[in-house]
Amino acid sequence: MKYLVMLCDGMADEPSEMLGGATPMEKANKPCMDALAAKGEVGMVKTVAEGLKPGSDVANLSVLGYEPAVYYSGRSPLEAVSIGIDLKETDVTFRCNLVTLSDEPNYEDKTMVDYCAGDISTQEARILIEYIQEKLGDGEFSFYSGVQYRHCLVWNHGNPHPGELTPPHDISNRVITEYIPKGKDTAKLYELMKKSYELLKDHPVNKAREKRGERPANSIWLWGEGTKPALDSFEQKFGKKGSMISAVDLLKGIAICAGMESIDVDGATGYVDTNFDGKCAAAIEAFKNGSDFVYIHVEAPDECGHRGEAENKIKAIELIDEHILKPVTDFLREYDDFAVLVCPDHPTPLNIRTHTSNPVPYLIYSSKAEIESGVKTFNEKTAAATGNYIEKGFTMMEYFLSK
């Protein structure tokens, strides 16, 4: 039995004026998803429990069958594991974004122009993070480069800090005054952020970017704190040998912590220009090499939601359907028995450009148990109309694997 999860990050949405009151899922041409939905179970699932922040960390843990209330220790430590950082029990980790801030004289008066610094390349970002480490790193703070704008800070602190930090993608185009780090132990973090602006604003990498008409990565932004994670082995928990395919360190870190194979794909960017065909080929190869379970994570719909890019979000869904889901599903038909789960982790509505904790649509198709679902096209409305509802998202994986 082979199992495929097609995780379309942030794909779910709300009716948008940009699309005449429709959602990207309603507008997208996705014949493979629709065909699977017509012959499978369709419904809604609550991937983010009440009281938890609707991040991809919590939501993907839930989809993978790990109850966040039990297993979640923060976002950044999962990313740190992917980067290869050997965390100590006393370390506190943070996501360290490279962002673009406006140029007001006082740091607190600046605006969050771009949470991803104009899609800065990994190569450019590595130079900047290494420079920040040279200037600000010491025995207490250490900076590590990741992928594109996503990096990591490790604080040898001893205790989880009791402060309040805000994800930069939640405050696009807002003045940062109300969102700077708050709390007893966050003053040092805020100082690092302010110092980083002075170090980065005139850095040669940024001067070159500005000359090319690109946004400078002129500050770090710290958020997503956590401590060393501990996940049960996916194979021991569910009896399946699993592989993860993703462009982002968060998902790679989850895979590593869960004892799954984390597969890198050249040209995987996390945006709509990612290597869709490469992810498809990697999934097929993983199945051929003995994986029972392959989890393909595509970040692109989420990034488009954060940017308010309606047409690109539609395009991302269509590319997933055509270049990943259909060919992998066609390959799986060579096996007598396989199942497919397609769902987002959380909604990322175009209207608000950030995550919500609302339930998301799912479809589960089993080659040996086809049904007539009555669903002709897979989207938020048709999924809700079925009345099928999984209240606890972390229970969906066991239910799926029972197929």
# chains A, B, ... in the order shown; residues from 1 in each chain; ligands from 1
>>> residues_around(residues="Ser243 in chain A", least_positions_apart="3", cutoff="9 Å", atoms="only C-alpha atoms", output="NGL selection string")
:A and (255 or 260-263 or 283 or 286-287 or 291-296)
>>> residues_around(residues="range 36-53 of chain A", least_positions_apart="6", cutoff="10 Å", atoms="only C-alpha atoms", output="short mmCIF file (atom, residue, chain, number, x, y, z; two decimals) with N, CA, C and O atoms, in the first residue's frame")
data_model
loop_
_atom_site.label_atom_id
_atom_site.label_comp_id
_atom_site.auth_asym_id
_atom_site.auth_seq_id
_atom_site.Cartn_x
_atom_site.Cartn_y
_atom_site.Cartn_z
N ALA A 59 0.08 23.51 12.13
CA ALA A 59 -0.84 22.88 11.18
C ALA A 59 -0.25 21.65 10.52
O ALA A 59 -0.93 20.63 10.35
N ASN A 60 1.01 21.71 10.12
CA ASN A 60 1.62 20.54 9.48
C ASN A 60 1.87 19.41 10.47
O ASN A 60 1.75 18.23 10.11
N LEU A 61 2.24 19.74 11.70
CA LEU A 61 2.34 18.70 12.72
C LEU A 61 1.01 17.98 12.87
O LEU A 61 0.95 16.75 12.95
N SER A 62 -0.06 18.76 12.87
CA SER A 62 -1.39 18.19 13.01
C SER A 62 -1.73 17.27 11.84
O SER A 62 -2.18 16.14 12.03
N VAL A 63 -1.48 17.74 10.62
CA VAL A 63 -1.77 16.90 9.45
C VAL A 63 -0.96 15.62 9.49
O VAL A 63 -1.44 14.54 9.11
N GLU A 67 -0.12 15.52 17.70
CA GLU A 67 -0.96 16.49 18.40
C GLU A 67 -0.09 17.65 18.89
O GLU A 67 0.81 17.46 19.72
N PRO A 68 -0.32 18.86 18.39
CA PRO A 68 0.55 19.98 18.76
C PRO A 68 0.61 20.24 20.26
O PRO A 68 1.66 20.62 20.78
N ALA A 69 -0.48 20.01 20.97
CA ALA A 69 -0.49 20.24 22.41
C ALA A 69 0.52 19.35 23.13
O ALA A 69 1.00 19.68 24.21
N LYS A 326 -1.10 15.04 -10.62
CA LYS A 326 -1.52 14.12 -11.69
C LYS A 326 -0.43 13.10 -12.03
O LYS A 326 -0.71 11.89 -12.05
N THR A 329 0.05 10.62 -9.15
CA THR A 329 -1.11 9.73 -9.05
C THR A 329 -1.13 8.72 -10.19
O THR A 329 -1.42 7.53 -9.99
N ALA A 339 -3.50 5.32 -1.72
CA ALA A 339 -4.43 6.34 -1.22
C ALA A 339 -3.77 7.70 -1.32
O ALA A 339 -2.54 7.83 -1.21
N VAL A 340 -4.59 8.72 -1.52
CA VAL A 340 -4.11 10.09 -1.68
C VAL A 340 -4.89 11.01 -0.75
O VAL A 340 -6.13 10.94 -0.70
N LEU A 341 -4.17 11.85 -0.03
CA LEU A 341 -4.77 12.91 0.77
C LEU A 341 -4.32 14.25 0.21
O LEU A 341 -3.12 14.47 0.04
N VAL A 342 -5.27 15.11 -0.10
CA VAL A 342 -4.96 16.46 -0.58
C VAL A 342 -5.61 17.45 0.38
O VAL A 342 -6.82 17.36 0.66
N CYS A 343 -4.82 18.39 0.89
CA CYS A 343 -5.39 19.42 1.76
C CYS A 343 -4.39 20.56 1.94
O CYS A 343 -3.20 20.38 1.71
N PRO A 344 -4.86 21.74 2.34
CA PRO A 344 -3.96 22.77 2.84
C PRO A 344 -3.64 22.49 4.30
O PRO A 344 -4.24 21.62 4.92
N ASP A 345 -2.68 23.22 4.84
CA ASP A 345 -2.44 23.14 6.28
C ASP A 345 -3.33 24.14 7.03
O ASP A 345 -3.86 23.85 8.09
N HIS A 346 -3.51 25.31 6.45
CA HIS A 346 -4.34 26.38 7.02
C HIS A 346 -4.75 27.30 5.89
O HIS A 346 -4.15 27.26 4.81
N HIS A 355 -2.35 34.05 7.99
CA HIS A 355 -3.02 32.79 8.28
C HIS A 355 -4.26 33.00 9.14
O HIS A 355 -4.33 33.94 9.93
N THR A 356 -5.21 32.07 9.02
CA THR A 356 -6.31 31.98 9.97
C THR A 356 -6.37 30.54 10.48
O THR A 356 -5.74 29.64 9.91
N SER A 357 -7.13 30.33 11.54
CA SER A 357 -7.25 28.99 12.13
C SER A 357 -8.54 28.30 11.70
O SER A 357 -8.94 27.31 12.31
N ASN A 358 -9.21 28.81 10.67
CA ASN A 358 -10.45 28.20 10.20
C ASN A 358 -10.20 26.80 9.65
O ASN A 358 -9.10 26.49 9.17
N PRO A 359 -11.20 25.94 9.67
CA PRO A 359 -11.06 24.60 9.07
C PRO A 359 -10.73 24.70 7.58
O PRO A 359 -11.04 25.70 6.92
N VAL A 360 -10.10 23.66 7.06
CA VAL A 360 -9.69 23.63 5.65
C VAL A 360 -10.32 22.42 4.96
O VAL A 360 -10.65 21.42 5.60
N PRO A 361 -10.49 22.49 3.64
CA PRO A 361 -11.03 21.34 2.91
C PRO A 361 -10.00 20.22 2.77
O PRO A 361 -8.81 20.48 2.65
N TYR A 362 -10.49 18.99 2.78
CA TYR A 362 -9.61 17.85 2.52
C TYR A 362 -10.32 16.90 1.56
O TYR A 362 -11.56 16.89 1.45
N LEU A 363 -9.52 16.11 0.85
CA LEU A 363 -10.07 14.98 0.09
C LEU A 363 -9.19 13.78 0.35
O LEU A 363 -7.96 13.89 0.45
N ILE A 364 -9.83 12.63 0.52
CA ILE A 364 -9.12 11.36 0.68
C ILE A 364 -9.64 10.40 -0.38
O ILE A 364 -10.85 10.12 -0.46
N TYR A 365 -8.73 9.94 -1.22
CA TYR A 365 -9.07 9.01 -2.29
C TYR A 365 -8.38 7.68 -2.03
O TYR A 365 -7.18 7.64 -1.73
N SER A 366 -9.13 6.59 -2.15
CA SER A 366 -8.56 5.25 -2.01
C SER A 366 -8.84 4.47 -3.28
O SER A 366 -10.00 4.36 -3.72
N SER A 367 -7.80 3.93 -3.90
CA SER A 367 -7.97 3.22 -5.17
C SER A 367 -8.84 1.97 -5.03
O SER A 367 -9.47 1.54 -6.00
N ALA A 369 -11.33 1.72 -2.78
CA ALA A 369 -12.62 2.04 -2.16
C ALA A 369 -13.21 3.31 -2.76
O ALA A 369 -13.57 4.25 -2.06
N GLU A 370 -13.26 3.32 -4.10
CA GLU A 370 -13.84 4.49 -4.77
C GLU A 370 -15.32 4.60 -4.44
O GLU A 370 -16.03 3.60 -4.30
N ILE A 371 -15.78 5.84 -4.29
CA ILE A 371 -17.18 6.12 -4.00
C ILE A 371 -17.66 7.22 -4.95
O ILE A 371 -16.86 7.88 -5.60
N GLU A 372 -18.95 7.41 -4.99
CA GLU A 372 -19.52 8.54 -5.71
C GLU A 372 -19.82 9.61 -4.68
O GLU A 372 -20.84 9.58 -3.99
N SER A 373 -18.92 10.57 -4.55
CA SER A 373 -19.05 11.58 -3.49
C SER A 373 -20.10 12.63 -3.80
O SER A 373 -20.60 13.31 -2.90
N GLY A 374 -20.41 12.80 -5.08
CA GLY A 374 -21.32 13.87 -5.48
C GLY A 374 -20.63 15.21 -5.60
O GLY A 374 -21.27 16.21 -5.94
N VAL A 375 -19.33 15.24 -5.33
CA VAL A 375 -18.55 16.47 -5.42
C VAL A 375 -17.88 16.53 -6.79
O VAL A 375 -17.10 15.66 -7.15
N LYS A 376 -18.22 17.56 -7.56
CA LYS A 376 -17.67 17.67 -8.91
C LYS A 376 -16.40 18.50 -8.96
O LYS A 376 -15.57 18.32 -9.85
N THR A 377 -16.26 19.43 -8.02
CA THR A 377 -15.06 20.26 -7.97
C THR A 377 -14.68 20.48 -6.52
O THR A 377 -15.53 20.69 -5.67
N PHE A 378 -13.39 20.41 -6.24
CA PHE A 378 -12.87 20.45 -4.87
C PHE A 378 -12.57 21.89 -4.47
O PHE A 378 -11.70 22.54 -5.05
N ASN A 379 -13.33 22.41 -3.51
CA ASN A 379 -13.06 23.74 -2.97
C ASN A 379 -13.69 23.88 -1.59
O ASN A 379 -14.28 22.92 -1.07
N GLU A 380 -13.57 25.05 -1.02
CA GLU A 380 -14.04 25.28 0.34
C GLU A 380 -15.55 25.05 0.47
O GLU A 380 -16.02 24.44 1.44
N LYS A 381 -16.33 25.54 -0.50
CA LYS A 381 -17.79 25.44 -0.42
C LYS A 381 -18.27 23.99 -0.57
O LYS A 381 -19.12 23.52 0.19
N THR A 382 -17.73 23.29 -1.59
CA THR A 382 -18.19 21.93 -1.80
C THR A 382 -17.77 21.01 -0.66
O THR A 382 -18.51 20.09 -0.29
N ALA A 383 -16.60 21.28 -0.08
CA ALA A 383 -16.14 20.46 1.05
C ALA A 383 -17.03 20.67 2.27
O ALA A 383 -17.43 19.72 2.95
N ALA A 384 -17.37 21.92 2.55
CA ALA A 384 -18.23 22.21 3.70
C ALA A 384 -19.63 21.64 3.50
O ALA A 384 -20.28 21.19 4.47
N ALA A 385 -20.10 21.62 2.24
CA ALA A 385 -21.46 21.17 1.96
C ALA A 385 -21.65 19.67 2.20
O ALA A 385 -22.78 19.21 2.38
N THR A 386 -20.56 18.90 2.22
CA THR A 386 -20.70 17.45 2.43
C THR A 386 -21.12 17.12 3.86
O THR A 386 -21.68 16.05 4.12
N GLY A 387 -20.82 18.02 4.79
CA GLY A 387 -21.12 17.74 6.19
C GLY A 387 -20.07 16.91 6.89
O GLY A 387 -20.12 16.73 8.11
N ASN A 388 -19.09 16.38 6.15
CA ASN A 388 -18.00 15.63 6.78
C ASN A 388 -17.07 16.60 7.51
O ASN A 388 -16.65 17.61 6.93
N TYR A 389 -16.75 16.30 8.75
CA TYR A 389 -15.93 17.22 9.54
C TYR A 389 -15.05 16.46 10.50
O TYR A 389 -15.53 15.60 11.27
N ILE A 390 -13.76 16.71 10.44
CA ILE A 390 -12.80 16.12 11.38
C ILE A 390 -12.41 17.22 12.36
O ILE A 390 -11.71 18.17 12.00
N GLU A 391 -12.86 17.10 13.58
CA GLU A 391 -12.69 18.16 14.57
C GLU A 391 -11.25 18.26 15.06
O GLU A 391 -10.73 19.37 15.27
N LYS A 392 -10.61 17.14 15.24
CA LYS A 392 -9.24 17.12 15.73
C LYS A 392 -8.32 16.73 14.58
O LYS A 392 -8.25 15.56 14.20
N GLY A 393 -7.62 17.73 14.05
CA GLY A 393 -6.83 17.50 12.85
C GLY A 393 -5.80 16.41 12.98
O GLY A 393 -5.51 15.70 12.00
N PHE A 394 -5.23 16.25 14.16
CA PHE A 394 -4.16 15.27 14.32
C PHE A 394 -4.67 13.83 14.22
O PHE A 394 -3.87 12.89 14.12
N THR A 395 -5.99 13.64 14.25
CA THR A 395 -6.54 12.29 14.10
C THR A 395 -6.71 11.90 12.63
O THR A 395 -6.97 10.73 12.32
N MET A 396 -6.58 12.87 11.72
CA MET A 396 -6.82 12.59 10.30
C MET A 396 -5.80 11.63 9.72
O MET A 396 -6.13 10.81 8.86
#
>>> atom_distance(atom1="CA of His323 in chain A", atom2="CA of Glu285 in chain A")
15.1 Å
>>> select_by_dssp(residues="range 114-269 of chain A", states="strand (DSSP E or B)", output="JSON, numbers by chain")
{"A": [114, 141, 142, 143, 144, 145, 146, 147, 150, 151, 152, 153, 154, 155, 156, 164, 175, 182, 219, 220, 221, 222, 223, 224, 225, 226, 242, 243, 244, 245, 261, 262, 263]}
>>> closest_atom_pairs(of="range 69-182 of chain A", to="range 302-314 of chain A", cutoff="10 Å", atoms="only C-alpha atoms", output="Markdown table")
| residue | atom | partner | partner_atom | distance |
| --- | --- | --- | --- | --- |
| A:Asp114 | CA | A:Arg307 | CA | 9.1 |
| A:Tyr115 | CA | A:His306 | CA | 9.3 |
| A:Cys116 | CA | A:Glu303 | CA | 9.7 |
| A:His169 | CA | A:His306 | CA | 6.6 |
| A:Asp170 | CA | A:His306 | CA | 8.2 |
| A:Ser172 | CA | A:His306 | CA | 8.4 |
>>> write_last_selection(atoms="N, CA and C atoms", output="CSV table (one decimal), in the first residue's frame")
chain,number,residue,atom,x,y,z
A,114,ASP,N,8.5,44.6,3.3
A,114,ASP,CA,8.5,43.3,2.7
A,114,ASP,C,9.1,42.3,3.7
A,115,TYR,N,8.3,41.3,4.0
A,115,TYR,CA,8.7,40.3,5.0
A,115,TYR,C,9.8,39.3,4.5
A,116,CYS,N,10.0,39.3,3.1
A,116,CYS,CA,11.0,38.4,2.6
A,116,CYS,C,12.0,39.1,1.8
A,169,HIS,N,5.2,38.5,8.4
A,169,HIS,CA,4.2,38.4,7.4
A,169,HIS,C,2.8,38.8,7.8
A,170,ASP,N,2.7,38.9,9.2
A,170,ASP,CA,1.4,39.4,9.7
A,170,ASP,C,1.3,40.9,9.7
A,172,SER,N,2.6,43.2,7.1
A,172,SER,CA,3.0,43.8,5.9
A,172,SER,C,2.4,45.2,5.7
>>> atom_distance(atom1="CA of Ser246 in chain A", atom2="CA of His297 in chain A")
5.0 Å
>>> closest_atom_pairs(of="range 119-157 of chain A", to="range 198-214 of chain A", cutoff="8 Å", atoms="only C-alpha atoms", output="Markdown table")
| residue | atom | partner | partner_atom | distance |
| --- | --- | --- | --- | --- |
| A:Glu124 | CA | A:Val205 | CA | 6.7 |
| A:Ile127 | CA | A:Val205 | CA | 7.9 |
| A:Leu128 | CA | A:Leu200 | CA | 7.4 |
| A:Ile132 | CA | A:Leu199 | CA | 7.6 |
>>> atom_distance(atom1="CA of Pro31 in chain A", atom2="CA of Ala316 in chain A")
14.0 Å
>>> select_by_dssp(residues="range 32-142 of chain A", states="alpha helix (DSSP H)", output="JSON, numbers by chain")
{"A": [32, 33, 34, 35, 36, 37, 38, 56, 57, 58, 59, 60, 61, 62, 63, 68, 69, 70, 71, 76, 77, 78, 79, 80, 81, 82, 83, 122, 123, 124, 125, 126, 127, 128, 129, 130, 131, 132, 133, 134, 135, 136]}
